[in-house]
>>> print(open('my_file.pdb').read())   # PDB, C-alpha atoms
ATOM      1  CA  MET A   1      -7.581  -4.265 -16.819
ATOM      2  CA  THR A   2      -8.951  -7.396 -15.156
ATOM      3  CA  GLU A   3     -12.447  -8.740 -15.632
ATOM      4  CA  ASN A   4     -13.200  -7.874 -11.993
ATOM      5  CA  SER A   5     -12.182  -4.196 -12.252
ATOM      6  CA  SER A   6     -15.504  -2.880 -10.992
ATOM      7  CA  ILE A   7     -15.288  -5.092  -7.903
ATOM      8  CA  TYR A   8     -11.841  -3.742  -6.982
ATOM      9  CA  GLN A   9     -12.909  -0.170  -7.761
ATOM     10  CA  GLU A  10     -15.880  -0.585  -5.415
ATOM     11  CA  ARG A  11     -13.692  -2.082  -2.684
ATOM     12  CA  LEU A  12     -11.239   0.817  -2.994
ATOM     13  CA  SER A  13     -14.128   3.282  -2.733
ATOM     14  CA  MET A  14     -15.455   1.588   0.407
ATOM     15  CA  LEU A  15     -11.976   1.529   1.955
ATOM     16  CA  ARG A  16     -11.445   5.216   1.164
ATOM     17  CA  ALA A  17     -14.791   6.103   2.756
ATOM     18  CA  LEU A  18     -13.696   4.266   5.911
ATOM     19  CA  MET A  19     -10.318   6.011   5.769
ATOM     20  CA  ARG A  20     -12.051   9.411   5.671
ATOM     21  CA  THR A  21     -14.137   8.428   8.705
ATOM     22  CA  LEU A  22     -10.948   7.498  10.581
ATOM     23  CA  GLU A  23      -9.111  10.586   9.263
ATOM     24  CA  LEU A  24      -6.450   8.497   7.535
ATOM     25  CA  ASP A  25      -4.585   9.843   4.523
ATOM     26  CA  ALA A  26      -3.220   6.445   3.556
ATOM     27  CA  VAL A  27      -3.396   2.850   4.656
ATOM     28  CA  LEU A  28      -0.804   0.111   4.356
ATOM     29  CA  ILE A  29      -2.223  -3.386   3.853
ATOM     30  CA  ALA A  30       0.044  -6.355   4.544
ATOM     31  CA  HIS A  31      -0.345  -9.795   2.996
ATOM     32  CA  ASP A  32       0.126 -11.595   6.317
ATOM     33  CA  ASP A  33      -2.402 -12.555   8.959
ATOM     34  CA  ALA A  34      -2.035 -12.061  12.720
ATOM     35  CA  TYR A  35       0.314 -15.082  12.872
ATOM     36  CA  LEU A  36       2.481 -13.774   9.992
ATOM     37  CA  SER A  37       1.618 -16.964   8.117
ATOM     38  CA  TYR A  38       3.021 -17.748   4.702
ATOM     39  CA  GLU A  39      -0.164 -19.489   3.569
ATOM     40  CA  LEU A  40      -3.465 -17.884   4.493
ATOM     41  CA  THR A  41      -7.009 -19.066   4.897
ATOM     42  CA  PRO A  42      -9.391 -17.464   2.374
ATOM     43  CA  GLU A  43     -10.869 -15.035   4.925
ATOM     44  CA  CYS A  44      -7.378 -13.697   5.708
ATOM     45  CA  GLU A  45      -6.447 -12.941   2.078
ATOM     46  CA  ARG A  46      -6.675  -9.161   2.524
ATOM     47  CA  LEU A  47      -4.270  -8.317  -0.260
ATOM     48  CA  ALA A  48      -6.185 -10.523  -2.698
ATOM     49  CA  TYR A  49      -9.437  -8.940  -1.529
ATOM     50  CA  ILE A  50      -8.372  -5.341  -2.142
ATOM     51  CA  CYS A  51      -6.411  -5.803  -5.394
ATOM     52  CA  GLY A  52      -6.589  -9.413  -6.621
ATOM     53  CA  PHE A  53      -2.957 -10.378  -5.951
ATOM     54  CA  THR A  54      -2.711 -13.943  -4.599
ATOM     55  CA  GLY A  55       1.048 -14.318  -4.100
ATOM     56  CA  SER A  56       2.438 -15.261  -0.692
ATOM     57  CA  ALA A  57       4.062 -11.908   0.129
ATOM     58  CA  GLY A  58       3.450  -8.237  -0.522
ATOM     59  CA  PHE A  59       1.878  -4.971   0.540
ATOM     60  CA  ALA A  60      -0.650  -2.553  -0.868
ATOM     61  CA  VAL A  61      -0.744   1.159  -0.157
ATOM     62  CA  VAL A  62      -3.982   3.034  -0.717
ATOM     63  CA  LEU A  63      -4.003   6.824  -0.616
ATOM     64  CA  ASN A  64      -7.126   8.828  -0.004
ATOM     65  CA  ASP A  65      -8.307  10.369  -3.276
ATOM     66  CA  ASP A  66      -8.495  13.852  -1.807
ATOM     67  CA  ILE A  67      -4.995  13.950  -0.306
ATOM     68  CA  GLU A  68      -2.854  16.775  -1.653
ATOM     69  CA  LEU A  69       0.405  15.189  -2.720
ATOM     70  CA  VAL A  70       3.747  16.896  -2.167
ATOM     71  CA  ASN A  71       4.900  16.132  -5.695
ATOM     72  CA  LYS A  72       2.704  17.760  -8.335
ATOM     73  CA  LYS A  73       4.937  17.605 -11.400
ATOM     74  CA  GLU A  74       3.947  15.444 -14.359
ATOM     75  CA  PRO A  75       4.689  12.613 -14.637
ATOM     76  CA  LEU A  76       4.262  12.019 -10.930
ATOM     77  CA  THR A  77       7.467  10.578  -9.535
ATOM     78  CA  PHE A  78       8.944   9.764  -6.163
ATOM     79  CA  LYS A  79      12.427   8.956  -4.934
ATOM     80  CA  HIS A  80      13.186   5.468  -3.702
ATOM     81  CA  HIS A  81      15.858   4.115  -1.349
ATOM     82  CA  ARG A  82      18.234   3.220  -4.184
ATOM     83  CA  GLY A  83      18.469   6.875  -5.166
ATOM     84  CA  GLY A  84      16.438   6.631  -8.345
ATOM     85  CA  GLU A  85      12.961   7.783  -9.209
ATOM     86  CA  ALA A  86       9.840   5.716  -9.759
ATOM     87  CA  VAL A  87       6.770   6.852 -11.660
ATOM     88  CA  PHE A  88       3.257   6.412 -10.360
ATOM     89  CA  GLU A  89      -0.127   7.055 -11.923
ATOM     90  CA  HIS A  90      -2.677   6.009  -9.307
ATOM     91  CA  HIS A  91      -3.523   6.616  -5.666
ATOM     92  CA  ALA A  92      -2.921   2.931  -4.918
ATOM     93  CA  ALA A  93       0.084   0.655  -5.325
ATOM     94  CA  VAL A  94       1.097  -2.958  -4.795
ATOM     95  CA  PHE A  95       4.624  -3.892  -3.671
ATOM     96  CA  VAL A  96       5.818  -7.454  -4.310
ATOM     97  CA  ASP A  97       9.190  -9.150  -4.536
ATOM     98  CA  GLY A  98      10.771 -10.233  -7.802
ATOM     99  CA  ARG A  99       9.203 -13.699  -7.712
ATOM    100  CA  TYR A 100       5.848 -12.130  -8.490
ATOM    101  CA  LYS A 101       6.809  -9.629 -11.201
ATOM    102  CA  VAL A 102       4.708 -11.356 -13.872
ATOM    103  CA  GLN A 103       1.931 -12.577 -11.581
ATOM    104  CA  VAL A 104       1.171  -9.145 -10.121
ATOM    105  CA  LYS A 105       0.680  -7.635 -13.579
ATOM    106  CA  GLU A 106      -1.634 -10.493 -14.571
ATOM    107  CA  GLN A 107      -3.762 -10.377 -11.418
ATOM    108  CA  VAL A 108      -3.874  -6.693 -10.473
ATOM    109  CA  ASP A 109      -5.788  -4.081 -12.434
ATOM    110  CA  THR A 110      -3.054  -1.665 -13.463
ATOM    111  CA  SER A 111      -5.659   0.995 -14.214
ATOM    112  CA  LEU A 112      -6.273   1.111 -10.434
ATOM    113  CA  PHE A 113      -2.908   0.121  -8.916
ATOM    114  CA  ASP A 114       0.722   0.819  -9.709
ATOM    115  CA  CYS A 115       2.930  -2.259  -9.267
ATOM    116  CA  PHE A 116       6.434  -2.072  -7.810
ATOM    117  CA  ASN A 117       9.223  -4.531  -7.047
ATOM    118  CA  SER A 118       9.727  -4.235  -3.283
ATOM    119  CA  ALA A 119      13.469  -4.868  -3.671
ATOM    120  CA  GLU A 120      13.676  -1.599  -5.604
ATOM    121  CA  VAL A 121      10.874   0.482  -4.113
ATOM    122  CA  TYR A 122       9.753   0.176  -0.493
ATOM    123  CA  PRO A 123       6.224   1.135   0.560
ATOM    124  CA  GLN A 124       7.774   3.753   2.852
ATOM    125  CA  ASP A 125       9.582   5.308  -0.161
ATOM    126  CA  PHE A 126       6.190   5.796  -1.777
ATOM    127  CA  LEU A 127       4.590   7.251   1.366
ATOM    128  CA  CYS A 128       7.476   9.481   2.458
ATOM    129  CA  SER A 129       8.014  10.980  -0.985
ATOM    130  CA  LEU A 130       4.385  11.746  -1.765
ATOM    131  CA  LEU A 131       2.515  12.618   1.407
ATOM    132  CA  PRO A 132       2.554  16.027   3.107
ATOM    133  CA  LYS A 133       3.887  16.447   6.646
ATOM    134  CA  ASP A 134       1.564  15.226   9.385
ATOM    135  CA  ALA A 135      -0.243  12.856   7.016
ATOM    136  CA  ARG A 136      -1.764   9.911   8.886
ATOM    137  CA  ILE A 137      -0.979   6.376   7.706
ATOM    138  CA  GLY A 138      -3.037   3.507   9.081
ATOM    139  CA  LEU A 139      -1.453   0.114   9.703
ATOM    140  CA  ASP A 140      -2.723  -3.011  11.441
ATOM    141  CA  LEU A 141       0.297  -3.771  13.624
ATOM    142  CA  GLN A 142      -0.789  -7.380  14.147
ATOM    143  CA  ARG A 143      -0.093  -8.122  10.497
ATOM    144  CA  VAL A 144       3.540  -7.026  10.251
ATOM    145  CA  SER A 145       6.733  -8.195  11.896
ATOM    146  CA  TYR A 146       8.323  -6.132  14.646
ATOM    147  CA  LYS A 147      11.308  -5.539  12.355
ATOM    148  CA  PHE A 148       9.066  -4.130   9.607
ATOM    149  CA  TYR A 149       7.206  -2.002  12.143
ATOM    150  CA  LYS A 150      10.477  -0.493  13.411
ATOM    151  CA  GLU A 151      11.676   0.198   9.852
ATOM    152  CA  ILE A 152       8.487   1.864   8.669
ATOM    153  CA  ALA A 153       7.960   3.768  11.921
ATOM    154  CA  ALA A 154      11.477   5.230  11.683
ATOM    155  CA  ALA A 155      11.057   6.179   8.009
ATOM    156  CA  LEU A 156       7.676   7.821   8.602
ATOM    157  CA  LEU A 157       8.919   9.685  11.685
ATOM    158  CA  LYS A 158      11.894  11.025   9.723
ATOM    159  CA  ALA A 159       9.457  12.365   7.083
ATOM    160  CA  ASP A 160       7.141  13.882   9.754
ATOM    161  CA  LEU A 161       4.371  11.412   8.933
ATOM    162  CA  LYS A 162       2.205   9.788  11.574
ATOM    163  CA  LEU A 163       1.824   6.020  11.846
ATOM    164  CA  VAL A 164      -1.653   5.301  13.183
ATOM    165  CA  PRO A 165      -2.249   1.804  14.547
ATOM    166  CA  VAL A 166      -5.649   0.503  13.525
ATOM    167  CA  ALA A 167      -7.302  -1.877  15.950
ATOM    168  CA  ASP A 168      -8.357  -4.275  13.237
ATOM    169  CA  CYS A 169      -7.409  -4.452   9.604
ATOM    170  CA  LEU A 170      -9.628  -2.141   7.564
ATOM    171  CA  VAL A 171      -9.852  -4.690   4.770
TER     172      VAL A 171
END
>>> encode(input="my_file.pdb", output="structure tokens")
Amino acid sequence: MTENSSIYQERLSMLRALMRTLELDAVLIAHDDAYLSYELTPECERLAYICGFTGSAGFAVVLNDDIELVNKKEPLTFKHHRGGEAVFEHHAAVFVDGRYKVQVKEQVDTSLFDCFNSAEVYPQDFLCSLLPKDARIGLDLQRVSYKFYKEIAAALLKADLKLVPVADCLV
């Protein structure tokens, strides 16, 4: 638990209220800005804003609290692209590469977010394994590469999930 837990809890609550207004079941938040920059100005640090992670790459996925997940067994698990299973506890997760394995656990409140190595677990693994068909996932397309967009769009389509472009990042 970080000393700013209540701040991140409040930000998650505000985001989820906005998601309900937009009828989104989940939202994918990219680290990058509209220029896909490696280093960001403070006002573009959306990942740091929502969860506290300040590394130079990563994603967060936030699920709506009231979404009925496909997997209901305890512990809650989902299959990832390497064929294994990953365990999750929360309706929010952060995905970072191996460089940030220690940093993410120091900066992110693990009572609010699950943390995954993106080389092992992709955000789309998380979404496709947990969400029911026709679930709506919001994504600001200006903050991801075309390659990533094609990959996630194909994975979501295969799982009968809907990718919903959001005009401006919700965070």
>>> resolve_selection(input="my_file.pdb", expression="the PyMOL selection byres ((chain A and resi 86-98) around 10)", output="NGL selection string")
:A and (12 or 26-31 or 47 or 51 or 53 or 55-67 or 69 or 74-80 or 83-85 or 99-105 or 108 or 110-123 or 125-126)
>>> residues_around(input="my_file.pdb", residues="Glu68 in chain A", least_positions_apart="6", cutoff="10 Å", atoms="only C-alpha atoms", output="MDAnalysis selection string")
chainID A and resid 25 130:132 135
>>> residues_around(input="my_file.pdb", residues="range 18-24 of chain A", least_positions_apart="3", cutoff="7 Å", atoms="only C-alpha atoms", output="short mmCIF file (atom, residue, chain, number, x, y, z; two decimals) with C-alpha atoms, keeping the file's coordinate frame")
data_model
loop_
_atom_site.label_atom_id
_atom_site.label_comp_id
_atom_site.auth_asym_id
_atom_site.auth_seq_id
_atom_site.Cartn_x
_atom_site.Cartn_y
_atom_site.Cartn_z
CA MET A 14 -15.46 1.59 0.41
CA LEU A 15 -11.98 1.53 1.96
CA ARG A 136 -1.76 9.91 8.89
CA ILE A 137 -0.98 6.38 7.71
CA GLY A 138 -3.04 3.51 9.08
#
>>> closest_residue(input="my_file.pdb", among="A:Ser129, A:Asp134, A:Gln124, A:Gln9", to="Glu151 in chain A", atoms="only C-alpha atoms")
A:Gln124
>>> resolve_selection(input="my_file.pdb", expression="the PyMOL selection byres ((chain A and resi 159) around 9)", output="list in words")
Cys128, Ser129, Leu131, Pro132, Lys133, Asp134, Ala154, Ala155, Leu156, Leu157, Lys158, Asp160, Leu161 and Lys162 of chain A
>>> residues_around(input="my_file.pdb", residues="Arg143 in chain A", least_positions_apart="5", cutoff="12 Å", atoms="only C-alpha atoms", output="PyMOL selection string")
chain A and resi 28-38+40+44-47+57-59+148-149+165-171
>>> atom_distance(input="my_file.pdb", atom1="CA of Tyr49 in chain A", atom2="CA of Val70 in chain A")
29.0 Å
>>> closest_residue(input="my_file.pdb", among="A:Thr41, A:Gln142, A:Gly52, A:Lys150", to="Asp109 in chain A", atoms="all atoms listed in the file")
A:Gly52
>>> atom_distance(input="my_file.pdb", atom1="CA of Ser145 in chain A", atom2="CA of Tyr8 in chain A")
26.9 Å
>>> closest_residue(input="my_file.pdb", among="A:Lys147, A:Ala48, A:His81, A:Ala153", to="Gln107 in chain A", atoms="all atoms listed in the file")
A:Ala48
>>> decode(input="my_file.pdb", residues="range 33-45 of chain A", atoms="N, CA and C atoms", output="mmCIF file, in the first residue's frame")
data_model
loop_
_atom_site.group_PDB
_atom_site.id
_atom_site.type_symbol
_atom_site.label_atom_id
_atom_site.label_comp_id
_atom_site.auth_asym_id
_atom_site.auth_seq_id
_atom_site.Cartn_x
_atom_site.Cartn_y
_atom_site.Cartn_z
ATOM 1 N N ASP A 33 2.036 9.519 -25.018
ATOM 2 C CA ASP A 33 1.217 10.665 -25.393
ATOM 3 C C ASP A 33 0.846 10.540 -26.874
ATOM 4 N N ALA A 34 0.263 11.583 -27.434
ATOM 5 C CA ALA A 34 -0.192 11.541 -28.824
ATOM 6 C C ALA A 34 0.964 11.416 -29.819
ATOM 7 N N TYR A 35 2.191 11.699 -29.378
ATOM 8 C CA TYR A 35 3.360 11.591 -30.252
ATOM 9 C C TYR A 35 4.132 10.295 -30.004
ATOM 10 N N LEU A 36 3.584 9.431 -29.140
ATOM 11 C CA LEU A 36 4.215 8.173 -28.739
ATOM 12 C C LEU A 36 5.616 8.421 -28.178
ATOM 13 N N SER A 37 5.732 9.500 -27.413
ATOM 14 C CA SER A 37 7.015 9.902 -26.841
ATOM 15 C C SER A 37 7.470 8.972 -25.734
ATOM 16 N N TYR A 38 8.767 8.827 -25.642
ATOM 17 C CA TYR A 38 9.395 8.027 -24.590
ATOM 18 C C TYR A 38 9.352 8.790 -23.264
ATOM 19 N N GLU A 39 9.723 10.060 -23.317
ATOM 20 C CA GLU A 39 9.669 10.916 -22.132
ATOM 21 C C GLU A 39 8.487 11.856 -22.280
ATOM 22 N N LEU A 40 7.724 11.996 -21.196
ATOM 23 C CA LEU A 40 6.492 12.772 -21.245
ATOM 24 C C LEU A 40 6.583 14.026 -20.390
ATOM 25 N N THR A 41 5.818 15.024 -20.780
ATOM 26 C CA THR A 41 5.655 16.188 -19.923
ATOM 27 C C THR A 41 4.733 15.782 -18.771
ATOM 28 N N PRO A 42 4.798 16.469 -17.647
ATOM 29 C CA PRO A 42 3.994 16.069 -16.483
ATOM 30 C C PRO A 42 2.495 15.942 -16.765
ATOM 31 N N GLU A 43 1.943 16.807 -17.588
ATOM 32 C CA GLU A 43 0.496 16.740 -17.864
ATOM 33 C C GLU A 43 0.110 15.548 -18.744
ATOM 34 N N CYS A 44 1.088 14.899 -19.348
ATOM 35 C CA CYS A 44 0.809 13.723 -20.186
ATOM 36 C C CYS A 44 1.074 12.400 -19.471
ATOM 37 N N GLU A 45 1.451 12.446 -18.219
ATOM 38 C CA GLU A 45 1.765 11.240 -17.441
ATOM 39 C C GLU A 45 0.484 10.563 -16.956
#
